[in-house]
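A quick write-up on the structure given underneath.
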Amino acid sequence: MAAELMADLVIRNARGYTLDPARPRAGAVACRGGQIAWAGPDEGSRDEPAADWAAAARRAGGEVIDAGGRLVLPRFIDSHNHVRLGADADCVQLTGAGSLAGVRARIGAWLAGRPDADWVEGEGLDYPALRPGAGSLDDAAGGRPVFLFEYSGHCVWVNDAARQRLGIGAGTDRMPFGVVERDPRGEPPGC
């Protein structure tokens, strides 16, 4: 039985969420080689007692952690995330601005509080609904460069002043942060 109970890590006193609809909760989790070997009630059962897993882990030089009633989740692998969005409190927050006029109003309000700003950066733009053109944001920023991340983080809209500052022209295909898209005339449309 001891061979079955080999674990390098046992977490007890937990509120474990297993993602198994048949047994969604666990008070204890035993891991072996970075994989979950067992999950069950902390008090254990006749067949799989958590205390036996903990004792086996200690004998093998493993670790036993008291989670203190905290939530324990299995490993999640998120190969695609956007931790940047909402991270910069000094950006114009554009989430929910449902029109180009709304975007322009938010830029204007942001600039009113920062009259010396040299550059306007925003995030959360809903570009499929708005589709600003490169020139449609120039007067909203008083000639300043405007650099707006759309909500997925996959596209950035810039105005003419930003294109000039960044050196984006007819012959520019790539930037350090991405690819320059073209309109049907071959010109960068602002995204």
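Ordering of the structure tokens sets the chain letters (A, B, ...), residue numbers begin anew at 1 in every chain, and ligands are numbered from 1 in the order given.
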
query: Can you list every residue in stretch 142-175 of chain A that DSSP puts in strand (DSSP E), as an NGL selection string?
result: :A and (146-150 or 156-158 or 174-175)

Take the selection from the previous step and output its residues with C-alpha atoms, as a PDB file, in the first residue's frame.
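Output below, filename out.pdb:
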ATOM      1  CA  VAL A 146      -2.758  58.878 -30.478  1.00  0.00           C
ATOM      2  CA  PHE A 147      -1.982  55.184 -29.936  1.00  0.00           C
ATOM      3  CA  LEU A 148      -5.064  53.076 -29.062  1.00  0.00           C
ATOM      4  CA  PHE A 149      -5.006  49.361 -28.222  1.00  0.00           C
ATOM      5  CA  GLU A 150      -8.193  47.632 -29.267  1.00  0.00           C
ATOM      6  CA  VAL A 156      -3.419  49.264 -32.416  1.00  0.00           C
ATOM      7  CA  TRP A 157      -5.027  52.276 -34.037  1.00  0.00           C
ATOM      8  CA  VAL A 158      -2.838  55.333 -34.515  1.00  0.00           C
ATOM      9  CA  ARG A 174       6.767  45.834 -39.919  1.00  0.00           C
ATOM     10  CA  MET A 175       7.284  47.544 -36.587  1.00  0.00           C
TER      11      MET A 175
END

- line: Using only C-alpha atoms, the residue out of A:Ile168, A:Ile65, A:Ala112, A:Ala39 with shortest distance to A:Asp20 is A:Ala39

query: What does the distance between atom CA of A:Leu5 and atom CA of A:Ala26 come to in Å, to one decimal place?
result: 17.1 Å
